[in-house]
Structures are given as C-alpha cells and as structure tokens.
Amino acid sequence: MKWVAVLFLSLINLLSFSQSGSVKAIKAGRLIDTENGKLLDNQIIIIRGDTIQAIGAGLQVPAEAEVIDLSGATVLPGLIDCHTHITAQHGDNYYEDIFRESPIDEAVKAHIYARRTLEAGFTTCRDVGAHAFVDVALKRAINHGDIIGPRLIVATLFIGSTGSHGDLTGFSPFLDWKLPEEMLGVANGVEGVRKQVRYNIKYGADVIKFGASAGVMTEEESVGAPQYSQEEMNAIVDEAKLWGKKACAHAHGTEAIKMAVKAGVASIEHGSMLDDEAIALMKQKGTYLVADIYNDEYIMSEYKRLGYPDKILDKERSIGQIQRESFRKAVLAGVKIAFGTDAGIYPHGWNARQFKWMVKFGMTPMQAIQAATINAADLLGWKNKVGSLAPGKFADIVAVNTNPLDDVQVLEKIGFVMKGGVVIKNELSGKK
Ligand SMILES: [Zn+2]
C-alpha cells in the first residue's frame with residue numbers, strides 16, 4: 001500500500017510538473033502550417049514549459065506569459081535534418097584527418113557543431129554515422145542540458161562490409177588501426193551483420209545505418225556497386241526491426257537502391273542513380289528518399305584544396321548532377337522525400353543551403369519545408385513530438401523575417417530559434 005501511495009504521489013508530481021514551467025506566448029505575423037501546407041496569419045502560440053499548449057488566432061494570452069513579438073516575422077516548426085554527421089567535419093587536409101585525428105578529437109569538437117546546427121534552426125537531427133559512439137555521448141550531454149544542440153536520433157557506427165565505404169579502404173594492409181572490426185562497424189555474412197546490429201543497439205543506436213552501395217568519400221573503386229548481398233541487407237533490416245529500430249541505407253547505385261528498398265529500409269540515403277523501377281519500388285513500399293543535393297557545390301569548389309585524391313573528386317563529378325536529376329524524377333513521381341544534407345561534408349550550420357536546390361530540382365518551397373519538418377518527423381517516427389506546430393508537441397520553433405514561401409533561401413538566415421520552450425537565439429523581436 002505504501003508503494004501505491006508513493007507511486008500515486010509521484011504521478012501527481014509528474015502531472016503538476018508538466019502543467020508548470022514558464023509560460024510564453026509568441027505572436028506570429030505569419031505561420032507555416034506544415035501539416036496542411038498552409039500559410040496562416042496572426043497566430044498566437046502559447047507555450048508552457050517545453051510544450052506547445054495552444055495555438056490559434058485571437059487566443060487569450062495568459063497574464064503571466066512572457067510575450068515574444070514575432071508579428072513581423074514568419075514562424076515555422078524547428079527544422080529537421082535527417083542526414084547529418086554532427087560529431088565531425090572534414091578538415092582542411094584529407095590525410096591529416098585520417099592519420100592524425102581520432103574520435104577523441106571529434107568528441108572535443110562536437111559540441112561546437114551541435115550549437116551551430118541548432119542556431120541555424122535545426123532543432124532535430126537524425127545523425128547517421130559516427131565513430132566510437134561519440135554521437136551517443138553528444139546526445140546524452142544535450143539531453144542532460146550540459147551543452148546546447150539539437151534533439152538527436154543517432155545511428156552510431158556505419159555498418160559496412162570488408163573493403164566497403166564503411167571500412168578504411170585504400171590503405172596499406174600493414175597499417176594497424178588498433179580497432180576491433182565491430183568497433184569499425186565492419187561486418188560480413190548474415191550472422192555477422194545481425195551481430196553488428198545488436199552491438200550498435202547495445203551501445204546506443206536509435207536507428208541502423210548500413211552501406212548498401214559503394215560511396216564517394218572513400219577510396220574503393222566503385223561509387224555505386226552493391227556492397228552487401230540481398231540476404232545480408234534483409235538480415236540487417238530484419239534484425240533492426242526485432243529491436244524496434246528502423247534501418248536506412250547509404251545507396252548510390254541503382255541495383256543497391258532496389259536491393260535496400262526490397263529489404264525494407266525506411267529511407268534511401270543519397271539515392272543518386274534512380275531508374276523508373278527504383279522509383280516505382282520506393283513508391284510501392286513507402287520508402288523515403290533522403291538526397292543530399294546541395295553538397296556537390298561544396299565538394300567541387302573546396303575538396304581539391306583540402307587535398308582529396310582525384311579518385312574521390314572524380315567519383316563526385318560522375319554522380320553529382322545525376323543525383324539531382326534523380327531527385328527531380330522522384331519528386332515528380334511523388335516519392336516521399338525527407339530533408340537530409342550530409343552535414344559534416346560541408347560546414348555544420350549551413351544545412352539550410354539545400355532548400356534552394358530542392359526547389360531548383362522540382363519542389364515548391366512549401367514541399368521543401370514539409371520535407372524538413374512534417375515528413376522528416378514521419379521518417380524519424382517522431383510525428384507526435386516535432387515537425388509541426390500543434391498542441392502537445394515540443395515548442396521547437398524558428399522564425400525568419402521574410403516569407404520563405406516567396407524565397408526559400410531566407411531559411412539560410414534563421415533569426416529566431418526556440419527549442420523545447422527555451423529561446424536559443426532571437427534577432428527578430430524585442431521581448432515585451
Ligand atoms: Zn552521410
């Protein structure tokens with residue numbers, strides 16, 4: 001009985017806690033309703049603690065509320081990037097990055113990237129590949145309030161076959177990285193990949209990321225050939241499902257994309273070489289496309305200077321534009337699209353530069369914004385928490401001083417960021 005009473009009291013405490021917290025009211029001149037694809041005028045958002053309590057025109061502002069006047073701005077839900085590598089950023093020397101840095105360097109610097117990403121308006125990220133579980137530590141520190149950063153869903157180690165995009169390929173066989181293969185995410189065979197999925201989950205993976213195909217930023221010969229068999233891909237996705245996790249596949253080449261879609265991944269990352277059959281399969285299975293169609297600009301203008309081998313630059317050259325045309329075809333065909341940029345390939349905080357390219361290659365500004373809000377939330381399985389401004393969801397709110405539906409590039413200059421009811425940045429309004 002005593003325990004029942006204690007439990008009951010704790011419940012009361014919990015309830016009263018969720019009702020308490022500071023009260024804020026945002027006056028939004030314009031508001032983007034991402035669920036209905038509409039632009040609304042003169043909305044009031046009432047926030048209690050970390051949650052949106054009410055939203056609408058002509059709402060009564062509670063007397064105790066701190067009012068944030070964004071009546072000259074356009075307000076939208078916090079943005080979501082479904083493909084980041086927030087713990088790392090390519091430095092200014094390819095070989096130095098590989099041979100002189102370790103995951104400890106990444107752990108030291110990750111908080112800087114996390115803050116930049118949040119200040120750029122990205123309040124949630126799905127981080128799809130990090131070394132040595134630095135992503136788990138980063139997420140823990142953010143959730144604990146030790147450092148400032150976006151909400152994270154993390155994949156931990158990229159799972160790849162021997163010699164794949166996930167392996168350290170192209171170096172001397174006598175080079176000893178002093179890492180067990182499972183710590184590299186290198187796994188082979190049905191049993192091997194199942195064990196790797198379990199290992200990743202054991203140490204904190206929220207989502208499973210694997211390499212269905214070769215890639216650009218590594219030195220294996222191909223850019224898009226399959227690097228797992230159908231059986232291995234099926235096993236990865238199946239094992240992830242057993243543990244209640246979604247899987248996503250890095251896939252550039254057509255065949256690898258189709259294999260991963262058939263295996264049942266939630267999303268195809270990159271999706272560079274889509275043919276009609278791949279598009280039809282993705283539509284049929286409801287697979288999301290997460291295509292990083294901005295960063296070709298950055299790679300082609302900067303990576304030569306950073307000392308990247310010609311092999312890598314040639315690979316990017318061979319698929320950069322093809323990927324954008326594939327994206328256009330997928331948009332036209334009605335494939336589900338979620339925003340994802342591969343941040344870390346280019347400087348963290350520049351994530352919103354991709355909006356321009358999504359519009360250039362077939363989306364309306366509203367569709368591009370939905371890809372980075374409500375659709376992204378759907379892919380993450382977090383539709384009840386983020387992705388739109390609605391009662392009961394986290395008060396993750398951003399604002400810009402002009403209407404992004406007129407010019408989506410204004411999202412590159414987010415002037416107001418709130419995460420969980422806490423104002424992170426406000427260059428737009430005087431608080432009243
Ligand atoms: Zn990536």
# chains A, B, ... in the order shown; residues from 1 in each chain; ligands from 1

call {"tool": "residues_near_ligand", "arguments": {"ligand": "ligand 1", "cutoff": "7 Å", "atoms": "only C-alpha atoms and all ligand atoms", "output": "PDB file with N, CA, C and O atoms, in the first residue's frame"}}
result
ATOM      1  N   HIS A  83      19.948  13.635 -42.225  1.00  0.00           N
ATOM      2  CA  HIS A  83      21.232  13.007 -42.571  1.00  0.00           C
ATOM      3  C   HIS A  83      22.373  13.953 -42.199  1.00  0.00           C
ATOM      4  O   HIS A  83      22.814  14.776 -43.005  1.00  0.00           O
ATOM      5  N   THR A  84      22.805  13.853 -40.954  1.00  0.00           N
ATOM      6  CA  THR A  84      23.963  14.649 -40.528  1.00  0.00           C
ATOM      7  C   THR A  84      25.052  13.714 -40.010  1.00  0.00           C
ATOM      8  O   THR A  84      24.810  12.535 -39.728  1.00  0.00           O
ATOM      9  N   HIS A  85      26.260  14.276 -39.929  1.00  0.00           N
ATOM     10  CA  HIS A  85      27.369  13.646 -39.199  1.00  0.00           C
ATOM     11  C   HIS A  85      27.880  14.728 -38.260  1.00  0.00           C
ATOM     12  O   HIS A  85      28.916  15.345 -38.495  1.00  0.00           O
ATOM     13  N   VAL A 128      23.544  10.009 -38.867  1.00  0.00           N
ATOM     14  CA  VAL A 128      23.623   8.671 -39.471  1.00  0.00           C
ATOM     15  C   VAL A 128      25.063   8.189 -39.690  1.00  0.00           C
ATOM     16  O   VAL A 128      25.461   7.870 -40.798  1.00  0.00           O
ATOM     17  N   GLY A 129      25.801   8.114 -38.605  1.00  0.00           N
ATOM     18  CA  GLY A 129      27.136   7.540 -38.703  1.00  0.00           C
ATOM     19  C   GLY A 129      28.155   8.382 -37.976  1.00  0.00           C
ATOM     20  O   GLY A 129      28.388   9.538 -38.325  1.00  0.00           O
ATOM     21  N   ASP A 342      23.841  15.498 -45.318  1.00  0.00           N
ATOM     22  CA  ASP A 342      25.219  15.005 -45.138  1.00  0.00           C
ATOM     23  C   ASP A 342      26.115  16.086 -44.511  1.00  0.00           C
ATOM     24  O   ASP A 342      27.330  16.130 -44.786  1.00  0.00           O
TER      25      ASP A 342
END

call {"tool": "select_by_dssp", "arguments": {"residues": "segment 47-293 of chain A", "states": "strand (DSSP E)", "output": "ChimeraX atom specification"}}
result
/A:47-48,51-56,66-77,79-84,122-127,151-154,208-211,247-251,267-270,288-290

call {"tool": "residues_around", "arguments": {"residues": "Asn426 of chain A", "least_positions_apart": "3", "cutoff": "9 Å", "atoms": "only C-alpha atoms", "output": "PDB file with all heavy atoms, in the first residue's frame"}}
result
ATOM      1  N   ALA A 399      11.986  31.193 -36.722  1.00  0.00           N
ATOM      2  CA  ALA A 399      11.341  32.274 -37.469  1.00  0.00           C
ATOM      3  C   ALA A 399      12.355  32.995 -38.345  1.00  0.00           C
ATOM      4  O   ALA A 399      13.550  33.025 -38.043  1.00  0.00           O
ATOM      5  CB  ALA A 399      10.673  33.257 -36.506  1.00  0.00           C
ATOM      6  N   GLY A 415      16.386  33.795 -37.864  1.00  0.00           N
ATOM      7  CA  GLY A 415      16.643  34.855 -36.886  1.00  0.00           C
ATOM      8  C   GLY A 415      16.176  34.531 -35.482  1.00  0.00           C
ATOM      9  O   GLY A 415      16.512  35.224 -34.515  1.00  0.00           O
ATOM     10  N   PHE A 416      15.369  33.482 -35.371  1.00  0.00           N
ATOM     11  CA  PHE A 416      14.820  33.122 -34.055  1.00  0.00           C
ATOM     12  C   PHE A 416      14.804  31.613 -33.933  1.00  0.00           C
ATOM     13  O   PHE A 416      14.355  30.916 -34.852  1.00  0.00           O
ATOM     14  CB  PHE A 416      13.400  33.669 -33.920  1.00  0.00           C
ATOM     15  CG  PHE A 416      12.688  33.242 -32.652  1.00  0.00           C
ATOM     16  CD1 PHE A 416      12.802  33.968 -31.475  1.00  0.00           C
ATOM     17  CD2 PHE A 416      11.902  32.081 -32.651  1.00  0.00           C
ATOM     18  CE1 PHE A 416      12.145  33.560 -30.311  1.00  0.00           C
ATOM     19  CE2 PHE A 416      11.248  31.672 -31.487  1.00  0.00           C
ATOM     20  CZ  PHE A 416      11.373  32.413 -30.322  1.00  0.00           C
ATOM     21  N   VAL A 417      15.315  31.118 -32.817  1.00  0.00           N
ATOM     22  CA  VAL A 417      15.287  29.672 -32.566  1.00  0.00           C
ATOM     23  C   VAL A 417      14.844  29.415 -31.129  1.00  0.00           C
ATOM     24  O   VAL A 417      15.412  29.969 -30.182  1.00  0.00           O
ATOM     25  CB  VAL A 417      16.673  29.016 -32.772  1.00  0.00           C
ATOM     26  CG1 VAL A 417      16.607  27.509 -32.472  1.00  0.00           C
ATOM     27  CG2 VAL A 417      17.203  29.247 -34.181  1.00  0.00           C
ATOM     28  N   MET A 418      13.816  28.597 -31.001  1.00  0.00           N
ATOM     29  CA  MET A 418      13.395  28.118 -29.680  1.00  0.00           C
ATOM     30  C   MET A 418      13.435  26.599 -29.723  1.00  0.00           C
ATOM     31  O   MET A 418      12.973  25.981 -30.673  1.00  0.00           O
ATOM     32  CB  MET A 418      11.977  28.600 -29.367  1.00  0.00           C
ATOM     33  CG  MET A 418      11.362  27.960 -28.139  1.00  0.00           C
ATOM     34  SD  MET A 418       9.648  28.496 -27.877  1.00  0.00           S
ATOM     35  CE  MET A 418       9.897  30.057 -27.033  1.00  0.00           C
ATOM     36  N   VAL A 423      14.430  29.907 -25.506  1.00  0.00           N
ATOM     37  CA  VAL A 423      14.903  30.730 -26.624  1.00  0.00           C
ATOM     38  C   VAL A 423      16.419  30.577 -26.738  1.00  0.00           C
ATOM     39  O   VAL A 423      17.167  30.869 -25.811  1.00  0.00           O
ATOM     40  CB  VAL A 423      14.524  32.213 -26.437  1.00  0.00           C
ATOM     41  CG1 VAL A 423      15.105  33.060 -27.572  1.00  0.00           C
ATOM     42  CG2 VAL A 423      13.006  32.361 -26.383  1.00  0.00           C
ATOM     43  N   SER A 429      12.976  39.991 -32.512  1.00  0.00           N
ATOM     44  CA  SER A 429      11.945  40.728 -31.772  1.00  0.00           C
ATOM     45  C   SER A 429      12.494  41.275 -30.482  1.00  0.00           C
ATOM     46  O   SER A 429      13.398  40.698 -29.870  1.00  0.00           O
ATOM     47  CB  SER A 429      10.786  39.797 -31.438  1.00  0.00           C
ATOM     48  OG  SER A 429      10.959  39.256 -30.157  1.00  0.00           O
ATOM     49  N   GLY A 430      11.949  42.396 -30.096  1.00  0.00           N
ATOM     50  CA  GLY A 430      12.168  42.860 -28.743  1.00  0.00           C
ATOM     51  C   GLY A 430      11.191  42.083 -27.892  1.00  0.00           C
ATOM     52  O   GLY A 430      10.033  41.938 -28.256  1.00  0.00           O
TER      53      GLY A 430
END

call {"tool": "select_by_dssp", "arguments": {"residues": "segment 245-298 of chain A", "states": "alpha helix (DSSP H)", "output": "ChimeraX atom specification"}}
result
/A:254-263,276-285,296-298

call {"tool": "closest_residue", "arguments": {"among": "A:Val265, A:Met233, A:Ala352, A:Ala107", "to": "Lys139 of chain A", "atoms": "only C-alpha atoms"}}
result
A:Ala107

call {"tool": "residues_around", "arguments": {"residues": "Ile159 of chain A", "least_positions_apart": "6", "cutoff": "9 Å", "atoms": "only C-alpha atoms", "output": "ChimeraX atom specification"}}
result
/A:129,166-167,182,184-187,193,196-197,200,208-211

call {"tool": "closest_residue", "arguments": {"among": "A:Leu70, A:Ile86, A:Ile257, A:Met358", "to": "Val331 of chain A", "atoms": "only C-alpha atoms"}}
result
A:Met358
